[in-house]
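Peer 1: Quick one: the structure is below, and I'll ask about it shortly.
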Amino acid sequence: MVVLGTMIAVFSSTPLNARSNGGDASAAAPAASGGDFPEDGSAGVTDPDSDTAQISEASGTETAPEDNAQAVMPEAAPEDDTDGPDLIADLEPPVITGAEDKTVFVGSSIAYRAGVSAYDDVDGEVSFTVDSSAVNIYVSGEYEVIYSAVDSAGNTASVTVTISVIELNTEIVYEIADNILAGITKPEMSLYDKARSIHNWIRSNITYSYSSEKTNTIDGAYAGFRTRQGDCFTFYAVAEVLLTRAEIPNMRITRIGGYTAHYWNLIDVGTGWYHFDATPTRERVNNFMFTSVQAEEFTRLIPQVPNYYVYDKSLYPRVVGDDPEPPEKIPTLVPDISEGLLHGNGLSRER
């Protein structure tokens with residue numbers, strides 16, 4: 001026996017018509033299609049008194065023999081034609097951050113994208129565009145720059161900033177130098193100690209690159225202060241401005257001969273003129289306050305750059321070093337050949 005649950009069981013082993021007609025089976029012949037239905041087209045209903053149907057008193061479920069049973073399945077529930085929960089429309093535009101007004105000097109470069117980003121609450125970080133077509137970096141004035149961003153829903157955002165292009169002047173560069181000197185020198189320091197502090201600061205804060213702004217000393221020094229990199233002209237220019245603001249007499253000196261130009265300084269801290277070069281070299285020579293004789297020795301130590309410290313002595317004041325002994329205030333050098341590092345104040349004259 002098979003329990004059909006809530007299904008309606010229809011049995012065809014003994015048609016209802018045949019029982020009501022005294023058991024005449026011919027009166028209830030199946031339809032031509034072979035179905036077990038009466039000729040009048042009415043559906044067969046199980047006789048509750050028939051021995052082919054049994055009702056479970058415990059469950060109230062009708063059971064029937066397994067043979068010739070046909071189950072009438074209930075109609076399926078209609079499909080849910082809804083599209084699920086309603087989606088929330090994205091109406092919020094991206095947010096652009098970091099776009100700010102800037103002040104730059106004539107001829108300088110501008111990093112428009114530095115520190116700027118655009119973020120959307122749905123898409124996350126999104127790209128942005130910069131329209132700087134109105135800016136003329138070579139003419140002083142105020143110019144608008146427009147930052148724009150769009151998210152995947154088409155929401156747009158824009159931020160407009162002002163770029164002020166101004167002429168670089170000496171006072172601006174001197175103010176930068178004064179702020180640096182305030183942190184590395186004290187009024188009671190000697191000129192020698194101030195010069196040493198300036199040399200150390202330049203070597204620690206400016207890195208060497210193979211190009212620089214060589215228009216003039218002020219522009220070169222400003223480029224060095226701003227970018228913290230440059231070639232020998234940058235090192236010279238930064239040194240000149242810092243030395244000048246520290247009230248240390250100085251002048252520029254230039255190499256003659258060689259493949260390229262080389263720039264460095266002469267300074268006088270009260271004991272005569274000395275060479276002063278903050279540009280680093282691969283040989284790591286100590287080029288703070290060295291004599292002309294030591295300059296010749298350094299030139300021999302840097303063979304890959306011919307005439308490194310060769311200059312026209314007739315164009316400059318007499319440099320300490322041509323005398324029998326340098327002043328006692330300036331320490332002599334103890335060379336350390338094993339490390340390639342020349343300690344002290346240049347090379348010893350005895351070497």
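Within each chain, counting starts at residue 1; across the structure tokens, chains are named A, B, ... in the order shown, with ligands numbered 1 upward in that order.
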From the DSSP assignment of the backbone, select every residue of stretch 160-312 of chain A that is alpha helix (DSSP H), and format the answer as an mmCIF file with N, CA and C atoms, in the first residue's frame.

Peer 2:
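What follows is the written file result37.cif:
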```cif
data_model
loop_
_atom_site.group_PDB
_atom_site.id
_atom_site.type_symbol
_atom_site.label_atom_id
_atom_site.label_comp_id
_atom_site.auth_asym_id
_atom_site.auth_seq_id
_atom_site.Cartn_x
_atom_site.Cartn_y
_atom_site.Cartn_z
ATOM 1 N N THR A 170 64.823 87.615 -4.265
ATOM 2 C CA THR A 170 65.869 87.276 -3.301
ATOM 3 C C THR A 170 65.327 87.159 -1.889
ATOM 4 N N GLU A 171 64.374 88.024 -1.531
ATOM 5 C CA GLU A 171 63.852 88.014 -0.163
ATOM 6 C C GLU A 171 63.196 86.685 0.176
ATOM 7 N N ILE A 172 62.506 86.096 -0.768
ATOM 8 C CA ILE A 172 61.843 84.816 -0.523
ATOM 9 C C ILE A 172 62.875 83.725 -0.251
ATOM 10 N N VAL A 173 63.927 83.689 -1.057
ATOM 11 C CA VAL A 173 64.957 82.663 -0.890
ATOM 12 C C VAL A 173 65.719 82.895 0.406
ATOM 13 N N TYR A 174 65.998 84.138 0.731
ATOM 14 C CA TYR A 174 66.693 84.435 1.983
ATOM 15 C C TYR A 174 65.858 84.035 3.200
ATOM 16 N N GLU A 175 64.559 84.189 3.101
ATOM 17 C CA GLU A 175 63.702 83.773 4.216
ATOM 18 C C GLU A 175 63.789 82.262 4.440
ATOM 19 N N ILE A 176 63.834 81.501 3.348
ATOM 20 C CA ILE A 176 63.993 80.045 3.468
ATOM 21 C C ILE A 176 65.327 79.727 4.127
ATOM 22 N N ALA A 177 66.381 80.415 3.698
ATOM 23 C CA ALA A 177 67.705 80.171 4.255
ATOM 24 C C ALA A 177 67.758 80.530 5.737
ATOM 25 N N ASP A 178 67.125 81.634 6.110
ATOM 26 C CA ASP A 178 67.131 82.055 7.519
ATOM 27 C C ASP A 178 66.451 81.019 8.406
ATOM 28 N N ASN A 179 65.382 80.441 7.912
ATOM 29 C CA ASN A 179 64.692 79.407 8.702
ATOM 30 C C ASN A 179 65.580 78.184 8.897
ATOM 31 N N ILE A 180 66.343 77.820 7.875
ATOM 32 C CA ILE A 180 67.266 76.675 8.001
ATOM 33 C C ILE A 180 68.370 77.000 8.998
ATOM 34 N N LEU A 181 68.949 78.190 8.867
ATOM 35 C CA LEU A 181 70.039 78.583 9.754
ATOM 36 C C LEU A 181 69.588 78.658 11.215
ATOM 37 N N ALA A 182 68.343 79.044 11.433
ATOM 38 C CA ALA A 182 67.835 79.125 12.807
ATOM 39 C C ALA A 182 67.831 77.764 13.483
ATOM 40 N N GLY A 183 67.772 76.711 12.691
ATOM 41 C CA GLY A 183 67.743 75.378 13.266
ATOM 42 C C GLY A 183 69.102 74.710 13.380
ATOM 43 N N ILE A 184 70.125 75.265 12.717
ATOM 44 C CA ILE A 184 71.420 74.581 12.714
ATOM 45 C C ILE A 184 72.555 75.437 13.285
ATOM 46 N N LEU A 191 82.385 81.679 13.115
ATOM 47 C CA LEU A 191 82.126 81.549 11.687
ATOM 48 C C LEU A 191 82.551 80.174 11.179
ATOM 49 N N TYR A 192 83.639 79.668 11.716
ATOM 50 C CA TYR A 192 84.101 78.339 11.327
ATOM 51 C C TYR A 192 83.050 77.286 11.675
ATOM 52 N N ASP A 193 82.512 77.346 12.889
ATOM 53 C CA ASP A 193 81.510 76.372 13.304
ATOM 54 C C ASP A 193 80.221 76.510 12.495
ATOM 55 N N LYS A 194 79.861 77.736 12.175
ATOM 56 C CA LYS A 194 78.676 77.937 11.342
ATOM 57 C C LYS A 194 78.901 77.361 9.944
ATOM 58 N N ALA A 195 80.098 77.586 9.399
ATOM 59 C CA ALA A 195 80.401 77.044 8.075
ATOM 60 C C ALA A 195 80.352 75.522 8.087
ATOM 61 N N ARG A 196 80.864 74.913 9.164
ATOM 62 C CA ARG A 196 80.814 73.454 9.289
ATOM 63 C C ARG A 196 79.364 72.972 9.349
ATOM 64 N N SER A 197 78.519 73.661 10.108
ATOM 65 C CA SER A 197 77.107 73.273 10.204
ATOM 66 C C SER A 197 76.405 73.398 8.860
ATOM 67 N N ILE A 198 76.727 74.435 8.112
ATOM 68 C CA ILE A 198 76.124 74.616 6.786
ATOM 69 C C ILE A 198 76.550 73.491 5.852
ATOM 70 N N HIS A 199 77.826 73.165 5.857
ATOM 71 C CA HIS A 199 78.331 72.080 5.008
ATOM 72 C C HIS A 199 77.646 70.763 5.365
ATOM 73 N N ASN A 200 77.529 70.494 6.646
ATOM 74 C CA ASN A 200 76.882 69.251 7.082
ATOM 75 C C ASN A 200 75.420 69.206 6.673
ATOM 76 N N TRP A 201 74.723 70.354 6.807
ATOM 77 C CA TRP A 201 73.292 70.369 6.453
ATOM 78 C C TRP A 201 73.109 70.088 4.961
ATOM 79 N N ILE A 202 73.902 70.702 4.128
ATOM 80 C CA ILE A 202 73.770 70.496 2.687
ATOM 81 C C ILE A 202 74.035 69.042 2.327
ATOM 82 N N ARG A 203 75.099 68.474 2.880
ATOM 83 C CA ARG A 203 75.427 67.096 2.557
ATOM 84 C C ARG A 203 74.358 66.120 3.050
ATOM 85 N N SER A 204 73.640 66.489 4.100
ATOM 86 C CA SER A 204 72.618 65.598 4.662
ATOM 87 C C SER A 204 71.245 65.779 4.023
ATOM 88 N N ASN A 205 71.000 66.903 3.368
ATOM 89 C CA ASN A 205 69.647 67.215 2.906
ATOM 90 C C ASN A 205 69.506 67.374 1.396
ATOM 91 N N THR A 217 72.077 82.242 -9.362
ATOM 92 C CA THR A 217 72.287 81.648 -8.043
ATOM 93 C C THR A 217 70.997 81.560 -7.241
ATOM 94 N N ILE A 218 70.175 82.604 -7.274
ATOM 95 C CA ILE A 218 68.945 82.614 -6.483
ATOM 96 C C ILE A 218 67.996 81.524 -6.957
ATOM 97 N N ASP A 219 67.800 81.405 -8.254
ATOM 98 C CA ASP A 219 66.927 80.354 -8.785
ATOM 99 C C ASP A 219 67.490 78.972 -8.471
ATOM 100 N N GLY A 220 68.815 78.831 -8.593
ATOM 101 C CA GLY A 220 69.431 77.539 -8.302
ATOM 102 C C GLY A 220 69.290 77.149 -6.851
ATOM 103 N N ALA A 221 69.468 78.136 -5.949
ATOM 104 C CA ALA A 221 69.313 77.848 -4.520
ATOM 105 C C ALA A 221 67.866 77.504 -4.194
ATOM 106 N N TYR A 222 66.933 78.234 -4.764
ATOM 107 C CA TYR A 222 65.523 77.933 -4.487
ATOM 108 C C TYR A 222 65.167 76.537 -4.970
ATOM 109 N N ALA A 223 65.634 76.165 -6.151
ATOM 110 C CA ALA A 223 65.366 74.814 -6.661
ATOM 111 C C ALA A 223 65.935 73.771 -5.719
ATOM 112 N N GLY A 224 67.131 74.028 -5.176
ATOM 113 C CA GLY A 224 67.715 73.084 -4.228
ATOM 114 C C GLY A 224 66.927 72.991 -2.938
ATOM 115 N N PHE A 225 66.489 74.132 -2.419
ATOM 116 C CA PHE A 225 65.684 74.125 -1.192
ATOM 117 C C PHE A 225 64.352 73.411 -1.417
ATOM 118 N N ARG A 226 63.780 73.600 -2.588
ATOM 119 C CA ARG A 226 62.445 73.051 -2.854
ATOM 120 C C ARG A 226 62.483 71.575 -3.205
ATOM 121 N N THR A 227 63.378 71.171 -4.097
ATOM 122 C CA THR A 227 63.402 69.781 -4.560
ATOM 123 C C THR A 227 64.378 68.912 -3.788
ATOM 124 N N CYS A 232 76.215 69.970 -9.183
ATOM 125 C CA CYS A 232 77.157 70.801 -8.438
ATOM 126 C C CYS A 232 76.731 72.261 -8.366
ATOM 127 N N PHE A 233 76.022 72.755 -9.398
ATOM 128 C CA PHE A 233 75.573 74.147 -9.347
ATOM 129 C C PHE A 233 74.565 74.340 -8.222
ATOM 130 N N THR A 234 73.702 73.374 -8.014
ATOM 131 C CA THR A 234 72.740 73.460 -6.920
ATOM 132 C C THR A 234 73.448 73.491 -5.573
ATOM 133 N N PHE A 235 74.425 72.617 -5.399
ATOM 134 C CA PHE A 235 75.167 72.584 -4.133
ATOM 135 C C PHE A 235 75.892 73.909 -3.899
ATOM 136 N N TYR A 236 76.497 74.428 -4.960
ATOM 137 C CA TYR A 236 77.164 75.725 -4.832
ATOM 138 C C TYR A 236 76.164 76.816 -4.461
ATOM 139 N N ALA A 237 75.029 76.885 -5.170
ATOM 140 C CA ALA A 237 74.064 77.961 -4.969
ATOM 141 C C ALA A 237 73.458 77.922 -3.568
ATOM 142 N N VAL A 238 73.083 76.729 -3.102
ATOM 143 C CA VAL A 238 72.541 76.598 -1.752
ATOM 144 C C VAL A 238 73.575 77.047 -0.724
ATOM 145 N N ALA A 239 74.816 76.636 -0.948
ATOM 146 C CA ALA A 239 75.882 77.025 -0.025
ATOM 147 C C ALA A 239 76.073 78.536 -0.020
ATOM 148 N N GLU A 240 76.070 79.160 -1.181
ATOM 149 C CA GLU A 240 76.286 80.608 -1.236
ATOM 150 C C GLU A 240 75.208 81.368 -0.469
ATOM 151 N N VAL A 241 73.952 80.964 -0.653
ATOM 152 C CA VAL A 241 72.865 81.664 0.037
ATOM 153 C C VAL A 241 72.965 81.468 1.548
ATOM 154 N N LEU A 242 73.205 80.248 1.992
ATOM 155 C CA LEU A 242 73.318 79.991 3.433
ATOM 156 C C LEU A 242 74.538 80.693 4.032
ATOM 157 N N LEU A 243 75.675 80.650 3.347
ATOM 158 C CA LEU A 243 76.870 81.321 3.834
ATOM 159 C C LEU A 243 76.663 82.836 3.900
ATOM 160 N N THR A 244 76.014 83.384 2.886
ATOM 161 C CA THR A 244 75.760 84.824 2.859
ATOM 162 C C THR A 244 74.870 85.251 4.016
ATOM 163 N N ARG A 245 73.801 84.489 4.263
ATOM 164 C CA ARG A 245 72.889 84.833 5.357
ATOM 165 C C ARG A 245 73.540 84.617 6.716
ATOM 166 N N SER A 292 94.599 75.008 -1.457
ATOM 167 C CA SER A 292 94.851 74.830 -2.888
ATOM 168 C C SER A 292 95.728 73.616 -3.149
ATOM 169 N N VAL A 293 96.695 73.359 -2.248
ATOM 170 C CA VAL A 293 97.523 72.161 -2.399
ATOM 171 C C VAL A 293 96.664 70.911 -2.246
ATOM 172 N N GLN A 294 95.773 70.932 -1.293
ATOM 173 C CA GLN A 294 94.867 69.789 -1.103
ATOM 174 C C GLN A 294 93.919 69.643 -2.281
ATOM 175 N N ALA A 295 93.542 70.752 -2.907
ATOM 176 C CA ALA A 295 92.696 70.690 -4.100
ATOM 177 C C ALA A 295 93.410 69.949 -5.220
ATOM 178 N N GLU A 296 94.703 70.170 -5.368
ATOM 179 C CA GLU A 296 95.463 69.454 -6.380
ATOM 180 C C GLU A 296 95.512 67.959 -6.066
ATOM 181 N N GLU A 297 95.637 67.611 -4.783
ATOM 182 C CA GLU A 297 95.661 66.199 -4.407
ATOM 183 C C GLU A 297 94.303 65.540 -4.644
ATOM 184 N N PHE A 298 93.234 66.247 -4.333
ATOM 185 C CA PHE A 298 91.888 65.710 -4.590
ATOM 186 C C PHE A 298 91.691 65.452 -6.078
ATOM 187 N N THR A 299 92.238 66.349 -6.901
ATOM 188 C CA THR A 299 92.098 66.181 -8.348
ATOM 189 C C THR A 299 92.745 64.879 -8.804
ATOM 190 N N ARG A 300 93.861 64.518 -8.196
ATOM 191 C CA ARG A 300 94.516 63.246 -8.531
ATOM 192 C C ARG A 300 93.709 62.048 -8.025
ATOM 193 N N LEU A 301 92.942 62.263 -6.955
ATOM 194 C CA LEU A 301 92.136 61.172 -6.396
ATOM 195 C C LEU A 301 90.826 60.952 -7.157
#
```

Peer 1: List every residue of stretch 213-278 of chain A that DSSP, applied to the backbone, labels as strand (DSSP E), and write the result as a PyMOL selection string.

Peer 2: chain A and resi 229-230+250-254+263-268+273-276

Peer 1: Restrict the selected residues to N, CA and C atoms and save them as an mmCIF file, in the first residue's frame.

Peer 2:
```
data_model
loop_
_atom_site.group_PDB
_atom_site.id
_atom_site.type_symbol
_atom_site.label_atom_id
_atom_site.label_comp_id
_atom_site.auth_asym_id
_atom_site.auth_seq_id
_atom_site.Cartn_x
_atom_site.Cartn_y
_atom_site.Cartn_z
ATOM 1 N N GLN A 229 67.442 68.383 -4.404
ATOM 2 C CA GLN A 229 68.331 67.633 -5.283
ATOM 3 C C GLN A 229 68.885 68.556 -6.357
ATOM 4 N N GLY A 230 69.968 68.124 -6.977
ATOM 5 C CA GLY A 230 70.564 68.912 -8.046
ATOM 6 C C GLY A 230 72.014 68.507 -8.262
ATOM 7 N N ASN A 250 82.098 84.860 1.049
ATOM 8 C CA ASN A 250 82.202 83.727 0.120
ATOM 9 C C ASN A 250 82.143 84.223 -1.308
ATOM 10 N N MET A 251 82.555 83.388 -2.242
ATOM 11 C CA MET A 251 82.460 83.682 -3.672
ATOM 12 C C MET A 251 82.431 82.373 -4.450
ATOM 13 N N ARG A 252 81.950 82.482 -5.678
ATOM 14 C CA ARG A 252 81.876 81.297 -6.539
ATOM 15 C C ARG A 252 83.201 81.083 -7.248
ATOM 16 N N ILE A 253 83.555 79.805 -7.431
ATOM 17 C CA ILE A 253 84.752 79.433 -8.180
ATOM 18 C C ILE A 253 84.352 78.358 -9.192
ATOM 19 N N THR A 254 84.957 78.424 -10.376
ATOM 20 C CA THR A 254 84.563 77.534 -11.472
ATOM 21 C C THR A 254 85.778 76.833 -12.050
ATOM 22 N N TYR A 263 81.237 73.733 -10.147
ATOM 23 C CA TYR A 263 81.096 74.941 -9.342
ATOM 24 C C TYR A 263 81.275 74.599 -7.870
ATOM 25 N N TRP A 264 81.993 75.459 -7.164
ATOM 26 C CA TRP A 264 82.096 75.325 -5.713
ATOM 27 C C TRP A 264 82.333 76.712 -5.116
ATOM 28 N N ASN A 265 82.684 76.806 -3.845
ATOM 29 C CA ASN A 265 82.795 78.098 -3.172
ATOM 30 C C ASN A 265 84.185 78.318 -2.591
ATOM 31 N N LEU A 266 84.534 79.563 -2.414
ATOM 32 C CA LEU A 266 85.637 79.977 -1.561
ATOM 33 C C LEU A 266 85.035 80.690 -0.357
ATOM 34 N N ILE A 267 85.553 80.430 0.841
ATOM 35 C CA ILE A 267 85.048 81.103 2.029
ATOM 36 C C ILE A 267 86.212 81.599 2.878
ATOM 37 N N ASP A 268 85.918 82.613 3.694
ATOM 38 C CA ASP A 268 86.910 83.146 4.621
ATOM 39 C C ASP A 268 86.239 83.286 5.983
ATOM 40 N N TRP A 273 91.320 82.568 2.833
ATOM 41 C CA TRP A 273 90.380 81.913 1.925
ATOM 42 C C TRP A 273 90.680 80.426 1.806
ATOM 43 N N TYR A 274 89.584 79.642 1.866
ATOM 44 C CA TYR A 274 89.657 78.186 1.710
ATOM 45 C C TYR A 274 88.622 77.736 0.676
ATOM 46 N N HIS A 275 88.916 76.624 0.066
ATOM 47 C CA HIS A 275 87.922 75.988 -0.799
ATOM 48 C C HIS A 275 86.823 75.370 0.074
ATOM 49 N N PHE A 276 85.603 75.446 -0.429
ATOM 50 C CA PHE A 276 84.440 74.907 0.288
ATOM 51 C C PHE A 276 83.548 74.271 -0.776
#
```

Peer 1: May I ask for the distance between atom CA of A:Ser132 and atom CA of A:Glu144, given in Å to one decimal place?

Peer 2: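 Going from atom CA of A:Ser132 over to atom CA of A:Glu144, I get 7.3 Å.
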
Peer 1: If you measure from atom CA of A:Lys102 to atom CA of A:Ala157, what distance in Å do you get, rounded to one decimal?

Peer 2: 20.5 Å

Peer 1: At what distance in Å, to one decimal, does atom CA of A:Ser127 lie from atom CA of A:Val161?

Peer 2: 18.0 Å

Peer 1: Of the residues A:Gln304, A:Val319, A:Pro187, A:Ser209, which is the one nearest to A:Thr271, using only C-alpha atoms?

Peer 2: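 Result for the nearest residue to A:Thr271: A:Val319.
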
Peer 1: Residues at most 10 Å from A:Val126, counting only C-alpha atoms, excluding those fewer than 4 positions away in the same chain, as a list in words?

Peer 2: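 Using only C-alpha atoms, the neighbours found are Pro94, Val95, Ile96, Ser117, Ala118, Tyr119, Asp120, Ala149, Val150, Asp151 and Ser152 of chain A.
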
Peer 1: Would you write out those residues with N, CA and C atoms, as an mmCIF file, in the first residue's frame?

Peer 2:
```
data_model
loop_
_atom_site.group_PDB
_atom_site.id
_atom_site.type_symbol
_atom_site.label_atom_id
_atom_site.label_comp_id
_atom_site.auth_asym_id
_atom_site.auth_seq_id
_atom_site.Cartn_x
_atom_site.Cartn_y
_atom_site.Cartn_z
ATOM 1 N N PRO A 94 31.261 61.213 -6.468
ATOM 2 C CA PRO A 94 32.527 60.974 -5.768
ATOM 3 C C PRO A 94 32.964 62.212 -4.983
ATOM 4 N N VAL A 95 33.890 62.009 -4.073
ATOM 5 C CA VAL A 95 34.448 63.111 -3.291
ATOM 6 C C VAL A 95 35.918 63.258 -3.648
ATOM 7 N N ILE A 96 36.320 64.448 -4.062
ATOM 8 C CA ILE A 96 37.706 64.733 -4.421
ATOM 9 C C ILE A 96 38.380 65.406 -3.235
ATOM 10 N N SER A 117 43.135 62.697 -4.544
ATOM 11 C CA SER A 117 42.464 61.420 -4.804
ATOM 12 C C SER A 117 40.967 61.661 -4.910
ATOM 13 N N ALA A 118 40.259 60.682 -5.488
ATOM 14 C CA ALA A 118 38.799 60.744 -5.613
ATOM 15 C C ALA A 118 38.219 59.424 -5.130
ATOM 16 N N TYR A 119 37.181 59.497 -4.279
ATOM 17 C CA TYR A 119 36.596 58.287 -3.696
ATOM 18 C C TYR A 119 35.083 58.342 -3.814
ATOM 19 N N ASP A 120 34.501 57.188 -4.184
ATOM 20 C CA ASP A 120 33.048 57.077 -4.319
ATOM 21 C C ASP A 120 32.524 56.070 -3.297
ATOM 22 N N ALA A 149 35.765 64.149 -11.476
ATOM 23 C CA ALA A 149 35.669 62.697 -11.310
ATOM 24 C C ALA A 149 34.238 62.271 -11.586
ATOM 25 N N VAL A 150 34.056 61.049 -12.084
ATOM 26 C CA VAL A 150 32.729 60.496 -12.364
ATOM 27 C C VAL A 150 32.697 59.045 -11.911
ATOM 28 N N ASP A 151 31.568 58.616 -11.315
ATOM 29 C CA ASP A 151 31.455 57.225 -10.885
ATOM 30 C C ASP A 151 30.701 56.404 -11.923
ATOM 31 N N SER A 152 30.510 55.105 -11.662
ATOM 32 C CA SER A 152 29.890 54.208 -12.641
ATOM 33 C C SER A 152 28.424 54.515 -12.879
#
```

Peer 1: With only C-alpha atoms as the atoms that count, which of A:Val104, A:Ile256, A:Ile163, A:Ala99 lies nearest to A:Tyr147?

Peer 2: A:Ala99

Peer 1: Compare A:Ala278, A:Ala153, A:Val139, A:Val320 by their minimum atom-to-atom distance to A:Phe290, counting only C-alpha atoms, and give me the closest one.

Peer 2: A:Val320

Peer 1: Can you list, as a PyMOL selection string, every protein, DNA or RNA residue that comes within 12 Å of A:Ala114 when you count only C-alpha atoms, leaving out same-chain residues fewer than 2 positions away?

Peer 2: chain A and resi 97-100+102+110-112+116-117+130
